[in-house]
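K.L.:
Sharing model_33.cif (mmCIF, C-alpha atoms and all ligand atoms) below.
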data_protein
#
loop_
_atom_site.group_PDB
_atom_site.id
_atom_site.type_symbol
_atom_site.label_atom_id
_atom_site.label_comp_id
_atom_site.auth_asym_id
_atom_site.auth_seq_id
_atom_site.Cartn_x
_atom_site.Cartn_y
_atom_site.Cartn_z
ATOM 1 C CA MET A 1 -57.261 117.973 18.043
ATOM 2 C CA LYS A 2 -55.867 116.612 21.280
ATOM 3 C CA ILE A 3 -54.732 119.524 23.355
ATOM 4 C CA ILE A 4 -54.300 120.839 26.883
ATOM 5 C CA LEU A 5 -55.385 124.411 27.583
ATOM 6 C CA LEU A 6 -53.322 126.145 30.247
ATOM 7 C CA GLY A 7 -54.014 129.555 31.753
ATOM 8 C CA ALA A 8 -54.765 131.274 35.043
ATOM 9 C CA PRO A 9 -58.325 131.265 36.417
ATOM 10 C CA GLY A 10 -60.187 133.880 34.373
ATOM 11 C CA ALA A 11 -57.889 133.536 31.352
ATOM 12 C CA GLY A 12 -60.899 132.401 29.312
ATOM 13 C CA LYS A 13 -60.067 128.692 29.011
ATOM 14 C CA GLY A 14 -63.743 127.668 29.113
ATOM 15 C CA THR A 15 -64.813 130.083 26.372
ATOM 16 C CA VAL A 16 -61.819 129.276 24.168
ATOM 17 C CA ALA A 17 -62.365 125.512 24.668
ATOM 18 C CA LYS A 18 -66.032 125.801 23.668
ATOM 19 C CA LEU A 19 -65.153 127.684 20.485
ATOM 20 C CA LEU A 20 -62.414 125.169 19.632
ATOM 21 C CA THR A 21 -64.872 122.262 19.879
ATOM 22 C CA GLU A 22 -66.886 123.912 17.107
ATOM 23 C CA MET A 23 -63.862 123.727 14.786
ATOM 24 C CA ASP A 24 -63.537 119.948 14.528
ATOM 25 C CA GLY A 25 -65.981 118.244 16.889
ATOM 26 C CA SER A 26 -63.406 117.607 19.621
ATOM 27 C CA VAL A 27 -64.955 117.403 23.092
ATOM 28 C CA GLN A 28 -64.288 119.887 25.866
ATOM 29 C CA ILE A 29 -63.317 118.169 29.108
ATOM 30 C CA SER A 30 -63.485 120.590 32.011
ATOM 31 C CA THR A 31 -62.641 119.080 35.396
ATOM 32 C CA GLY A 32 -64.210 122.191 36.996
ATOM 33 C CA ASP A 33 -67.529 121.525 35.172
ATOM 34 C CA ILE A 34 -67.439 117.814 36.094
ATOM 35 C CA LEU A 35 -66.826 118.696 39.761
ATOM 36 C CA ARG A 36 -69.530 121.394 39.840
ATOM 37 C CA ALA A 37 -72.049 118.927 38.369
ATOM 38 C CA ALA A 38 -71.046 116.384 41.062
ATOM 39 C CA VAL A 39 -71.531 119.020 43.801
ATOM 40 C CA LYS A 40 -74.966 119.885 42.418
ATOM 41 C CA GLU A 41 -75.916 116.200 42.291
ATOM 42 C CA GLY A 42 -74.688 115.698 45.865
ATOM 43 C CA SER A 43 -72.702 112.596 44.842
ATOM 44 C CA ALA A 44 -69.849 111.221 46.992
ATOM 45 C CA LEU A 45 -67.350 112.943 44.673
ATOM 46 C CA GLY A 46 -69.252 116.238 44.968
ATOM 47 C CA ARG A 47 -69.399 116.057 48.768
ATOM 48 C CA GLU A 48 -65.675 115.427 48.934
ATOM 49 C CA ALA A 49 -64.777 118.188 46.448
ATOM 50 C CA LYS A 50 -67.080 121.013 47.645
ATOM 51 C CA GLY A 51 -65.005 122.346 50.560
ATOM 52 C CA TYR A 52 -61.835 122.575 48.483
ATOM 53 C CA MET A 53 -63.659 124.285 45.644
ATOM 54 C CA ASP A 54 -65.459 126.865 47.799
ATOM 55 C CA ARG A 55 -62.146 127.940 49.344
ATOM 56 C CA GLY A 56 -60.454 128.127 45.945
ATOM 57 C CA ASP A 57 -58.128 125.219 46.831
ATOM 58 C CA LEU A 58 -57.295 122.369 44.484
ATOM 59 C CA VAL A 59 -59.147 119.070 44.829
ATOM 60 C CA PRO A 60 -56.665 116.225 45.639
ATOM 61 C CA ASP A 61 -54.793 114.807 42.645
ATOM 62 C CA GLU A 62 -56.026 111.223 43.253
ATOM 63 C CA LEU A 63 -59.688 112.265 42.925
ATOM 64 C CA ILE A 64 -58.978 114.182 39.724
ATOM 65 C CA MET A 65 -57.012 111.302 38.200
ATOM 66 C CA LYS A 66 -59.871 108.877 38.936
ATOM 67 C CA ILE A 67 -62.235 111.193 37.023
ATOM 68 C CA MET A 68 -59.855 111.579 34.097
ATOM 69 C CA GLU A 69 -59.041 107.879 33.780
ATOM 70 C CA VAL A 70 -62.720 107.193 33.180
ATOM 71 C CA ARG A 71 -63.415 110.292 31.081
ATOM 72 C CA LEU A 72 -60.558 109.867 28.593
ATOM 73 C CA GLN A 73 -61.721 106.344 27.749
ATOM 74 C CA GLN A 74 -65.224 107.411 26.764
ATOM 75 C CA PRO A 75 -65.884 107.000 23.023
ATOM 76 C CA ASP A 76 -66.503 110.710 22.350
ATOM 77 C CA CYS A 77 -62.815 111.392 23.082
ATOM 78 C CA ARG A 78 -61.689 109.439 20.016
ATOM 79 C CA LYS A 79 -62.318 112.410 17.735
ATOM 80 C CA GLY A 80 -60.232 114.676 19.905
ATOM 81 C CA PHE A 81 -60.390 116.516 23.216
ATOM 82 C CA ILE A 82 -59.601 119.856 24.758
ATOM 83 C CA LEU A 83 -58.514 119.536 28.379
ATOM 84 C CA ASP A 84 -59.733 122.642 30.178
ATOM 85 C CA GLY A 85 -58.475 123.054 33.751
ATOM 86 C CA PHE A 86 -56.537 119.787 33.805
ATOM 87 C CA PRO A 87 -53.731 119.094 34.595
ATOM 88 C CA ARG A 88 -53.341 121.654 37.399
ATOM 89 C CA THR A 89 -50.238 120.269 39.164
ATOM 90 C CA ILE A 90 -46.976 118.583 38.155
ATOM 91 C CA PRO A 91 -48.121 115.234 39.695
ATOM 92 C CA GLN A 92 -51.320 115.433 37.591
ATOM 93 C CA ALA A 93 -49.243 116.144 34.459
ATOM 94 C CA GLU A 94 -46.973 113.195 35.214
ATOM 95 C CA ALA A 95 -49.950 110.913 35.839
ATOM 96 C CA LEU A 96 -51.536 112.150 32.609
ATOM 97 C CA ASN A 97 -48.372 111.273 30.656
ATOM 98 C CA ILE A 98 -48.593 107.705 31.947
ATOM 99 C CA LEU A 99 -52.339 107.506 31.283
ATOM 100 C CA LEU A 100 -51.950 108.757 27.698
ATOM 101 C CA GLU A 101 -49.137 106.307 27.073
ATOM 102 C CA THR A 102 -51.288 103.451 28.409
ATOM 103 C CA LEU A 103 -54.190 104.498 26.196
ATOM 104 C CA ASN A 104 -51.855 105.023 23.228
ATOM 105 C CA ILE A 105 -52.933 108.626 22.791
ATOM 106 C CA GLN A 106 -50.566 111.353 21.591
ATOM 107 C CA LEU A 107 -51.082 115.014 22.538
ATOM 108 C CA ASP A 108 -50.865 117.510 19.654
ATOM 109 C CA SER A 109 -50.051 120.563 21.690
ATOM 110 C CA VAL A 110 -50.293 122.437 24.973
ATOM 111 C CA VAL A 111 -51.844 125.862 24.478
ATOM 112 C CA ASN A 112 -51.015 128.470 27.118
ATOM 113 C CA LEU A 113 -53.342 131.491 27.295
ATOM 114 C CA GLU A 114 -51.456 134.548 28.549
ATOM 115 C CA VAL A 115 -53.601 137.310 30.049
ATOM 116 C CA PRO A 116 -52.395 140.311 32.143
ATOM 117 C CA THR A 117 -53.300 140.033 35.868
ATOM 118 C CA ASP A 118 -55.410 143.232 35.946
ATOM 119 C CA VAL A 119 -57.568 141.894 33.084
ATOM 120 C CA ILE A 120 -57.968 138.558 34.918
ATOM 121 C CA LEU A 121 -59.036 140.220 38.178
ATOM 122 C CA ASP A 122 -61.575 142.401 36.398
ATOM 123 C CA ARG A 123 -62.985 139.389 34.509
ATOM 124 C CA LEU A 124 -63.309 137.178 37.589
ATOM 125 C CA THR A 125 -65.084 139.719 39.776
ATOM 126 C CA THR A 126 -67.577 140.639 37.043
ATOM 127 C CA ARG A 127 -68.253 137.072 35.887
ATOM 128 C CA ARG A 128 -71.653 135.449 36.392
ATOM 129 C CA THR A 129 -72.674 131.907 35.473
ATOM 130 C CA CYS A 130 -76.070 130.444 34.608
ATOM 131 C CA ALA A 131 -77.176 128.356 37.609
ATOM 132 C CA ASN A 132 -78.633 125.627 35.370
ATOM 133 C CA PRO A 133 -76.028 122.801 35.409
ATOM 134 C CA GLU A 134 -77.105 121.749 31.896
ATOM 135 C CA CYS A 135 -76.391 125.245 30.561
ATOM 136 C CA GLN A 136 -73.740 127.058 32.638
ATOM 137 C CA GLU A 137 -73.553 129.895 30.111
ATOM 138 C CA ILE A 138 -70.993 132.479 31.223
ATOM 139 C CA TYR A 139 -71.858 136.199 31.411
ATOM 140 C CA ASN A 140 -69.985 139.353 32.337
ATOM 141 C CA ILE A 141 -71.943 142.135 34.012
ATOM 142 C CA LYS A 142 -69.948 144.750 32.040
ATOM 143 C CA SER A 143 -69.282 143.289 28.597
ATOM 144 C CA ASN A 144 -71.874 140.522 28.168
ATOM 145 C CA PRO A 145 -74.703 141.017 30.682
ATOM 146 C CA PRO A 146 -77.586 138.584 31.255
ATOM 147 C CA THR A 147 -81.197 139.848 30.915
ATOM 148 C CA ALA A 148 -82.149 143.010 32.864
ATOM 149 C CA ASP A 149 -83.637 140.845 35.636
ATOM 150 C CA GLY A 150 -80.496 138.721 35.912
ATOM 151 C CA LYS A 151 -81.587 135.652 33.944
ATOM 152 C CA CYS A 152 -79.728 133.515 31.400
ATOM 153 C CA LYS A 153 -80.518 134.573 27.823
ATOM 154 C CA LYS A 154 -80.343 130.939 26.659
ATOM 155 C CA CYS A 155 -82.457 129.089 29.239
ATOM 156 C CA GLY A 156 -84.049 131.712 31.532
ATOM 157 C CA THR A 157 -82.434 130.408 34.750
ATOM 158 C CA PRO A 158 -81.066 133.063 37.156
ATOM 159 C CA VAL A 159 -77.343 133.766 36.733
ATOM 160 C CA VAL A 160 -75.201 133.678 39.881
ATOM 161 C CA GLN A 161 -71.740 134.507 41.162
ATOM 162 C CA ARG A 162 -69.971 131.184 41.790
ATOM 163 C CA ASP A 163 -69.023 130.414 45.425
ATOM 164 C CA ASP A 164 -65.381 130.395 44.342
ATOM 165 C CA GLU A 165 -65.693 133.863 42.787
ATOM 166 C CA THR A 166 -65.801 135.839 46.038
ATOM 167 C CA GLU A 167 -62.770 138.128 46.439
ATOM 168 C CA ALA A 168 -61.067 135.912 49.067
ATOM 169 C CA ALA A 169 -61.533 132.760 46.995
ATOM 170 C CA ILE A 170 -60.327 134.518 43.831
ATOM 171 C CA MET A 171 -57.109 135.674 45.529
ATOM 172 C CA ASN A 172 -56.566 132.114 46.804
ATOM 173 C CA ARG A 173 -57.177 130.618 43.338
ATOM 174 C CA LEU A 174 -54.645 132.995 41.759
ATOM 175 C CA ASP A 175 -52.096 132.201 44.474
ATOM 176 C CA THR A 176 -52.685 128.468 43.973
ATOM 177 C CA TYR A 177 -52.288 128.923 40.216
ATOM 178 C CA ASN A 178 -48.940 130.719 40.657
ATOM 179 C CA LYS A 179 -47.580 128.122 43.069
ATOM 180 C CA LYS A 180 -48.941 124.853 41.705
ATOM 181 C CA THR A 181 -50.118 125.263 38.103
ATOM 182 C CA SER A 182 -47.765 127.776 36.474
ATOM 183 C CA PRO A 183 -44.795 125.319 36.770
ATOM 184 C CA LEU A 184 -46.610 123.292 34.070
ATOM 185 C CA ILE A 185 -45.567 125.931 31.538
ATOM 186 C CA GLY A 186 -41.916 124.911 31.959
ATOM 187 C CA PHE A 187 -42.875 121.230 32.186
ATOM 188 C CA TYR A 188 -44.484 121.248 28.730
ATOM 189 C CA GLU A 189 -42.008 123.742 27.221
ATOM 190 C CA SER A 190 -39.150 121.363 27.990
ATOM 191 C CA ARG A 191 -41.086 118.619 26.179
ATOM 192 C CA GLY A 192 -41.471 120.806 23.075
ATOM 193 C CA LEU A 193 -45.276 120.896 23.314
ATOM 194 C CA LEU A 194 -45.960 124.451 24.533
ATOM 195 C CA LYS A 195 -47.498 127.185 22.398
ATOM 196 C CA ASN A 196 -48.129 130.633 23.971
ATOM 197 C CA PHE A 197 -50.972 132.930 22.915
ATOM 198 C CA LEU A 198 -51.609 136.414 24.261
ATOM 199 C CA SER A 199 -55.358 136.146 24.816
ATOM 200 C CA LEU A 200 -57.416 139.313 25.126
ATOM 201 C CA SER A 201 -60.298 138.312 22.856
ATOM 202 C CA SER A 202 -61.395 134.660 22.853
ATOM 203 C CA LYS A 203 -62.516 134.761 19.202
ATOM 204 C CA ASP A 204 -59.169 136.155 17.955
ATOM 205 C CA THR A 205 -57.284 133.678 20.099
ATOM 206 C CA VAL A 206 -59.258 130.735 18.717
ATOM 207 C CA ALA A 207 -58.578 131.887 15.149
ATOM 208 C CA GLN A 208 -54.843 132.097 15.943
ATOM 209 C CA ILE A 209 -54.825 128.686 17.625
ATOM 210 C CA GLY A 210 -56.640 127.173 14.615
ATOM 211 C CA LYS A 211 -54.046 128.628 12.227
ATOM 212 C CA THR A 212 -51.071 127.534 14.330
ATOM 213 C CA LEU A 213 -52.336 123.982 14.863
ATOM 214 C CA SER A 214 -53.239 123.408 11.219
ATOM 215 C CA ARG A 215 -49.680 124.274 10.087
HETATM 216 P P1 LIG B 1 -62.298 125.761 37.202
HETATM 217 O O1 LIG B 1 -63.695 125.900 36.763
HETATM 218 O O2 LIG B 1 -61.430 125.006 36.226
HETATM 219 O O3 LIG B 1 -61.672 127.063 37.638
HETATM 220 O O4 LIG B 1 -62.317 124.823 38.517
HETATM 221 C C1 LIG B 1 -63.040 125.193 39.662
HETATM 222 C C2 LIG B 1 -62.450 124.500 40.879
HETATM 223 O O5 LIG B 1 -62.520 123.073 40.722
HETATM 224 C C3 LIG B 1 -60.979 124.790 41.134
HETATM 225 O O6 LIG B 1 -60.778 125.996 41.858
HETATM 226 C C4 LIG B 1 -60.574 123.561 41.954
HETATM 227 O O7 LIG B 1 -61.057 123.634 43.285
HETATM 228 C C5 LIG B 1 -61.355 122.448 41.256
HETATM 229 N N1 LIG B 1 -60.590 121.847 40.138
HETATM 230 C C6 LIG B 1 -60.905 121.879 38.826
HETATM 231 N N2 LIG B 1 -60.003 121.213 38.092
HETATM 232 C C7 LIG B 1 -59.088 120.737 38.970
HETATM 233 C C8 LIG B 1 -57.889 119.979 38.835
HETATM 234 N N3 LIG B 1 -57.437 119.573 37.635
HETATM 235 N N4 LIG B 1 -57.199 119.687 39.970
HETATM 236 C C9 LIG B 1 -57.633 120.066 41.192
HETATM 237 N N5 LIG B 1 -58.737 120.797 41.382
HETATM 238 C C10 LIG B 1 -59.469 121.134 40.283
#
Would you mind writing the file out in structure tokens?
Ligand code: AMP
P.N.:
Amino acid sequence: MKIILLGAPGAGKGTVAKLLTEMDGSVQISTGDILRAAVKEGSALGREAKGYMDRGDLVPDELIMKIMEVRLQQPDCRKGFILDGFPRTIPQAEALNILLETLNIQLDSVVNLEVPTDVILDRLTTRRTCANPECQEIYNIKSNPPTADGKCKKCGTPVVQRDDETEAAIMNRLDTYNKKTSPLIGFYESRGLLKNFLSLSSKDTVAQIGKTLSR
């Protein structure tokens, strides 16, 4: 499948994307994961992106498009891809249209995960992430806790609250989503690509998406 996953921060895009990759071997492309790995590495990209990310602001469109131009041409994308966290602005969506046309790639669908705001806030403040960049397993201190001493169940690395998951950064990310990213819903709806899913449980949502896309 070749799809874009839309949804507010905390809507569960990462979890849903991971489960979707298991359906047909498509790759998950998360700009957030790529940027976090670059920050960890201390590369030029990471140094440039870190300040924006810590505040919960968007990284400039030009930087993101440079990443995506390279990423979408890698051979593992031929089987299919799930874009998780990209595009985030109308200029990114417009640039993506041009890039896909140049690469002769056609999108199947744009999947929008709808989650009530109170559920999103609760999820974001209770979320913890494995600090190992190779793993990055996501936990929730209420519904899916790590080990009793706060370690990842998969790799044993301590789990942490991301810098952009402090309350101030979360409020900024949600505000940024409402102003800059939510207009993409109309953008893709008017192009006949949008499919909405009320998403309270990632597993149920993935089953629904699978059914809808295979029709
Ligand atoms: P995420 O894990 O998708 O929530 O992304 C974490 C952070 O990375 C965001 O708050 C932004 O600072 C940055 N980021 C990720 N994807 C993008 C994008 N497509 N455009 C701009 N900034 C992005």
K.L.:
For Val16 in chain A, which of A:Asp149, A:Asp76, A:Glu69, A:Asp84 is the closest residue, counting only C-alpha atoms?
P.N.:
A:Asp84
K.L.:
Rank nothing, just name the residue among A:Lys153, A:Lys79, A:Leu35, A:Gly210 nearest to Gly51 in chain A, using only C-alpha atoms.
P.N.:
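Checking each of A:Lys153, A:Lys79, A:Leu35, A:Gly210 against Gly51 in chain A, counting only C-alpha atoms, the winner is A:Leu35.
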K.L.:
With the file shown as input, list the residues that the PyMOL selection byres (((not hetatm)) within 10 of (chain B and resi 1)) selects, as a VMD selection string.
P.N.:
chain A and resid 7 to 14 30 to 36 49 to 65 67 to 68 83 to 89 92 to 93 162 to 165 169 to 170 172 to 174 176 to 177 180 to 181
K.L.:
How about saving the chosen residues, C-alpha atoms kept, as a compact mmCIF listing (two decimals), in the frame of the given file?
P.N.:
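Written output follows (out-v2.txt):
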# COMPACT_ATOMS: atom_id res chain seq x y z
CA GLY A 7 -54.01 129.56 31.75
CA ALA A 8 -54.76 131.27 35.04
CA PRO A 9 -58.32 131.26 36.42
CA GLY A 10 -60.19 133.88 34.37
CA ALA A 11 -57.89 133.54 31.35
CA GLY A 12 -60.90 132.40 29.31
CA LYS A 13 -60.07 128.69 29.01
CA GLY A 14 -63.74 127.67 29.11
CA SER A 30 -63.48 120.59 32.01
CA THR A 31 -62.64 119.08 35.40
CA GLY A 32 -64.21 122.19 37.00
CA ASP A 33 -67.53 121.52 35.17
CA ILE A 34 -67.44 117.81 36.09
CA LEU A 35 -66.83 118.70 39.76
CA ARG A 36 -69.53 121.39 39.84
CA ALA A 49 -64.78 118.19 46.45
CA LYS A 50 -67.08 121.01 47.64
CA GLY A 51 -65.00 122.35 50.56
CA TYR A 52 -61.84 122.58 48.48
CA MET A 53 -63.66 124.28 45.64
CA ASP A 54 -65.46 126.86 47.80
CA ARG A 55 -62.15 127.94 49.34
CA GLY A 56 -60.45 128.13 45.94
CA ASP A 57 -58.13 125.22 46.83
CA LEU A 58 -57.30 122.37 44.48
CA VAL A 59 -59.15 119.07 44.83
CA PRO A 60 -56.66 116.22 45.64
CA ASP A 61 -54.79 114.81 42.64
CA GLU A 62 -56.03 111.22 43.25
CA LEU A 63 -59.69 112.26 42.92
CA ILE A 64 -58.98 114.18 39.72
CA MET A 65 -57.01 111.30 38.20
CA ILE A 67 -62.24 111.19 37.02
CA MET A 68 -59.86 111.58 34.10
CA LEU A 83 -58.51 119.54 28.38
CA ASP A 84 -59.73 122.64 30.18
CA GLY A 85 -58.48 123.05 33.75
CA PHE A 86 -56.54 119.79 33.80
CA PRO A 87 -53.73 119.09 34.60
CA ARG A 88 -53.34 121.65 37.40
CA THR A 89 -50.24 120.27 39.16
CA GLN A 92 -51.32 115.43 37.59
CA ALA A 93 -49.24 116.14 34.46
CA ARG A 162 -69.97 131.18 41.79
CA ASP A 163 -69.02 130.41 45.42
CA ASP A 164 -65.38 130.40 44.34
CA GLU A 165 -65.69 133.86 42.79
CA ALA A 169 -61.53 132.76 47.00
CA ILE A 170 -60.33 134.52 43.83
CA ASN A 172 -56.57 132.11 46.80
CA ARG A 173 -57.18 130.62 43.34
CA LEU A 174 -54.64 133.00 41.76
CA THR A 176 -52.68 128.47 43.97
CA TYR A 177 -52.29 128.92 40.22
CA LYS A 180 -48.94 124.85 41.70
CA THR A 181 -50.12 125.26 38.10
K.L.:
Residues near Glu189 in chain A, anyone? I mean within 12 Å using only C-alpha atoms, not counting same-chain ones fewer than 3 positions away, as a PyMOL selection string.
P.N.:
chain A and resi 6+109-112+182-186+192-196
K.L.:
Using only C-alpha atoms, find all polymer residues with an atom at most 10 Å away from the point (-56.7, 132.6, 20.9); report them as a list in words.
P.N.:
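Within the cut-off we find Gly12, Lys13, Val16, Ala17, Leu19, Leu20, Val111, Asn112, Leu113, Glu114, Asn196, Phe197, Leu198, Ser199, Leu200, Ser201, Ser202, Lys203, Asp204, Thr205, Val206, Ala207, Gln208, Ile209, Gly210 and Lys211 of chain A.
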K.L.:
Any chance you can output those residues with C-alpha atoms as an mmCIF file, in the coordinates of the input?
P.N.:
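Wrote it out as selection.cif, contents follow:
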data_model
loop_
_atom_site.group_PDB
_atom_site.id
_atom_site.type_symbol
_atom_site.label_atom_id
_atom_site.label_comp_id
_atom_site.auth_asym_id
_atom_site.auth_seq_id
_atom_site.Cartn_x
_atom_site.Cartn_y
_atom_site.Cartn_z
ATOM 1 C CA GLY A 12 -60.899 132.401 29.312
ATOM 2 C CA LYS A 13 -60.067 128.692 29.011
ATOM 3 C CA VAL A 16 -61.819 129.276 24.168
ATOM 4 C CA ALA A 17 -62.365 125.512 24.668
ATOM 5 C CA LEU A 19 -65.153 127.684 20.485
ATOM 6 C CA LEU A 20 -62.414 125.169 19.632
ATOM 7 C CA VAL A 111 -51.844 125.862 24.478
ATOM 8 C CA ASN A 112 -51.015 128.470 27.118
ATOM 9 C CA LEU A 113 -53.342 131.491 27.295
ATOM 10 C CA GLU A 114 -51.456 134.548 28.549
ATOM 11 C CA ASN A 196 -48.129 130.633 23.971
ATOM 12 C CA PHE A 197 -50.972 132.930 22.915
ATOM 13 C CA LEU A 198 -51.609 136.414 24.261
ATOM 14 C CA SER A 199 -55.358 136.146 24.816
ATOM 15 C CA LEU A 200 -57.416 139.313 25.126
ATOM 16 C CA SER A 201 -60.298 138.312 22.856
ATOM 17 C CA SER A 202 -61.395 134.660 22.853
ATOM 18 C CA LYS A 203 -62.516 134.761 19.202
ATOM 19 C CA ASP A 204 -59.169 136.155 17.955
ATOM 20 C CA THR A 205 -57.284 133.678 20.099
ATOM 21 C CA VAL A 206 -59.258 130.735 18.717
ATOM 22 C CA ALA A 207 -58.578 131.887 15.149
ATOM 23 C CA GLN A 208 -54.843 132.097 15.943
ATOM 24 C CA ILE A 209 -54.825 128.686 17.625
ATOM 25 C CA GLY A 210 -56.640 127.173 14.615
ATOM 26 C CA LYS A 211 -54.046 128.628 12.227
#
K.L.:
One decimal, in Å: what's the spacing between CA of Thr129 in chain A and CA of Ser26 in chain A?
P.N.:
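So the answer is 23.3 Å.
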K.L.:
Rounded to one decimal in Å, what is the spacing between CA of Met171 in chain A and CA of Leu124 in chain A?
P.N.:
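Pair CA of Met171 in chain A / CA of Leu124 in chain A returns 10.2 Å.
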K.L.:
Which value, in Å to one decimal, gives the distance between CA of Lys142 in chain A and CA of Thr126 in chain A?
P.N.:
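CA of Thr126 in chain A lies at a distance of 6.9 Å from CA of Lys142 in chain A.
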K.L.:
Which residues match the PyMOL selection byres (((chain A and resi 136) around 12) and not hetatm) in the file above, as a PyMOL selection string?
P.N.:
chain A and resi 14-15+18+32-34+36-37+127-135+137-139+151-162
K.L.:
Could those selected residues go to a file with C-alpha atoms, as a compact mmCIF listing (two decimals), keeping the file's coordinate frame?
P.N.:
# COMPACT_ATOMS: atom_id res chain seq x y z
CA GLY A 14 -63.74 127.67 29.11
CA THR A 15 -64.81 130.08 26.37
CA LYS A 18 -66.03 125.80 23.67
CA GLY A 32 -64.21 122.19 37.00
CA ASP A 33 -67.53 121.52 35.17
CA ILE A 34 -67.44 117.81 36.09
CA ARG A 36 -69.53 121.39 39.84
CA ALA A 37 -72.05 118.93 38.37
CA ARG A 127 -68.25 137.07 35.89
CA ARG A 128 -71.65 135.45 36.39
CA THR A 129 -72.67 131.91 35.47
CA CYS A 130 -76.07 130.44 34.61
CA ALA A 131 -77.18 128.36 37.61
CA ASN A 132 -78.63 125.63 35.37
CA PRO A 133 -76.03 122.80 35.41
CA GLU A 134 -77.10 121.75 31.90
CA CYS A 135 -76.39 125.24 30.56
CA GLU A 137 -73.55 129.90 30.11
CA ILE A 138 -70.99 132.48 31.22
CA TYR A 139 -71.86 136.20 31.41
CA LYS A 151 -81.59 135.65 33.94
CA CYS A 152 -79.73 133.51 31.40
CA LYS A 153 -80.52 134.57 27.82
CA LYS A 154 -80.34 130.94 26.66
CA CYS A 155 -82.46 129.09 29.24
CA GLY A 156 -84.05 131.71 31.53
CA THR A 157 -82.43 130.41 34.75
CA PRO A 158 -81.07 133.06 37.16
CA VAL A 159 -77.34 133.77 36.73
CA VAL A 160 -75.20 133.68 39.88
CA GLN A 161 -71.74 134.51 41.16
CA ARG A 162 -69.97 131.18 41.79
K.L.:
Would you please work out which residue, of A:Thr125, A:Ser43, A:Gln28, A:Thr102, is nearest to Thr166 in chain A when using all atoms listed in the file?
P.N.:
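Of A:Thr125, A:Ser43, A:Gln28, A:Thr102, the one nearest Thr166 in chain A is A:Thr125, counting all atoms listed in the file.
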K.L.:
In terms of the shortest atom-to-atom distance over all atoms listed in the file, which of A:Thr117, A:Asp24, A:Ser214, A:Leu103 is closest to Val70 in chain A?
P.N.:
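Residue with the minimum atom-to-atom distance to Val70 in chain A: A:Leu103.
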K.L.:
Extract, using all atoms listed in the file, all DNA, RNA and protein residues at most 9 Å from Leu107 in chain A, discarding same-chain residues fewer than 5 positions from it, and format them as a PyMOL selection string.
P.N.:
chain A and resi 1-4+100+193
K.L.:
Nearest to Leu121 in chain A among A:Glu167, A:Asp175, A:Glu41, A:Glu94, with distances taken over all atoms listed in the file: which residue is it?
P.N.:
A:Glu167
K.L.:
Could you please fill out range 5-14 of chain A with N, CA, C and O atoms and send it back as a PDB file, keeping the file's coordinate frame?
P.N.:
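Produced file rebuild-v4.pdb, reproduced below:
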ATOM      1  N   LEU A   5     -55.320 122.949  27.501  1.00  0.00           N
ATOM      2  CA  LEU A   5     -55.385 124.411  27.583  1.00  0.00           C
ATOM      3  C   LEU A   5     -54.885 124.832  28.951  1.00  0.00           C
ATOM      4  O   LEU A   5     -55.473 124.446  29.968  1.00  0.00           O
ATOM      5  N   LEU A   6     -53.823 125.613  28.977  1.00  0.00           N
ATOM      6  CA  LEU A   6     -53.322 126.145  30.247  1.00  0.00           C
ATOM      7  C   LEU A   6     -53.659 127.623  30.336  1.00  0.00           C
ATOM      8  O   LEU A   6     -53.785 128.305  29.327  1.00  0.00           O
ATOM      9  N   GLY A   7     -53.757 128.124  31.560  1.00  0.00           N
ATOM     10  CA  GLY A   7     -54.014 129.555  31.753  1.00  0.00           C
ATOM     11  C   GLY A   7     -54.535 129.771  33.156  1.00  0.00           C
ATOM     12  O   GLY A   7     -55.117 128.846  33.755  1.00  0.00           O
ATOM     13  N   ALA A   8     -54.307 130.958  33.690  1.00  0.00           N
ATOM     14  CA  ALA A   8     -54.765 131.274  35.043  1.00  0.00           C
ATOM     15  C   ALA A   8     -56.294 131.223  35.097  1.00  0.00           C
ATOM     16  O   ALA A   8     -56.952 131.311  34.051  1.00  0.00           O
ATOM     17  N   PRO A   9     -56.869 131.128  36.318  1.00  0.00           N
ATOM     18  CA  PRO A   9     -58.325 131.265  36.417  1.00  0.00           C
ATOM     19  C   PRO A   9     -58.710 132.615  35.792  1.00  0.00           C
ATOM     20  O   PRO A   9     -58.015 133.603  36.011  1.00  0.00           O
ATOM     21  N   GLY A  10     -59.760 132.619  34.997  1.00  0.00           N
ATOM     22  CA  GLY A  10     -60.187 133.880  34.373  1.00  0.00           C
ATOM     23  C   GLY A  10     -59.483 134.177  33.064  1.00  0.00           C
ATOM     24  O   GLY A  10     -59.746 135.198  32.435  1.00  0.00           O
ATOM     25  N   ALA A  11     -58.593 133.291  32.620  1.00  0.00           N
ATOM     26  CA  ALA A  11     -57.889 133.536  31.352  1.00  0.00           C
ATOM     27  C   ALA A  11     -58.799 133.265  30.150  1.00  0.00           C
ATOM     28  O   ALA A  11     -58.441 133.593  29.024  1.00  0.00           O
ATOM     29  N   GLY A  12     -59.948 132.655  30.402  1.00  0.00           N
ATOM     30  CA  GLY A  12     -60.899 132.401  29.312  1.00  0.00           C
ATOM     31  C   GLY A  12     -60.792 131.000  28.737  1.00  0.00           C
ATOM     32  O   GLY A  12     -61.225 130.756  27.605  1.00  0.00           O
ATOM     33  N   LYS A  13     -60.244 130.061  29.521  1.00  0.00           N
ATOM     34  CA  LYS A  13     -60.067 128.692  29.011  1.00  0.00           C
ATOM     35  C   LYS A  13     -61.400 128.076  28.581  1.00  0.00           C
ATOM     36  O   LYS A  13     -61.485 127.455  27.538  1.00  0.00           O
ATOM     37  N   GLY A  14     -62.437 128.277  29.407  1.00  0.00           N
ATOM     38  CA  GLY A  14     -63.743 127.668  29.113  1.00  0.00           C
ATOM     39  C   GLY A  14     -64.312 128.172  27.799  1.00  0.00           C
ATOM     40  O   GLY A  14     -64.780 127.384  26.966  1.00  0.00           O
TER      41      GLY A  14
END
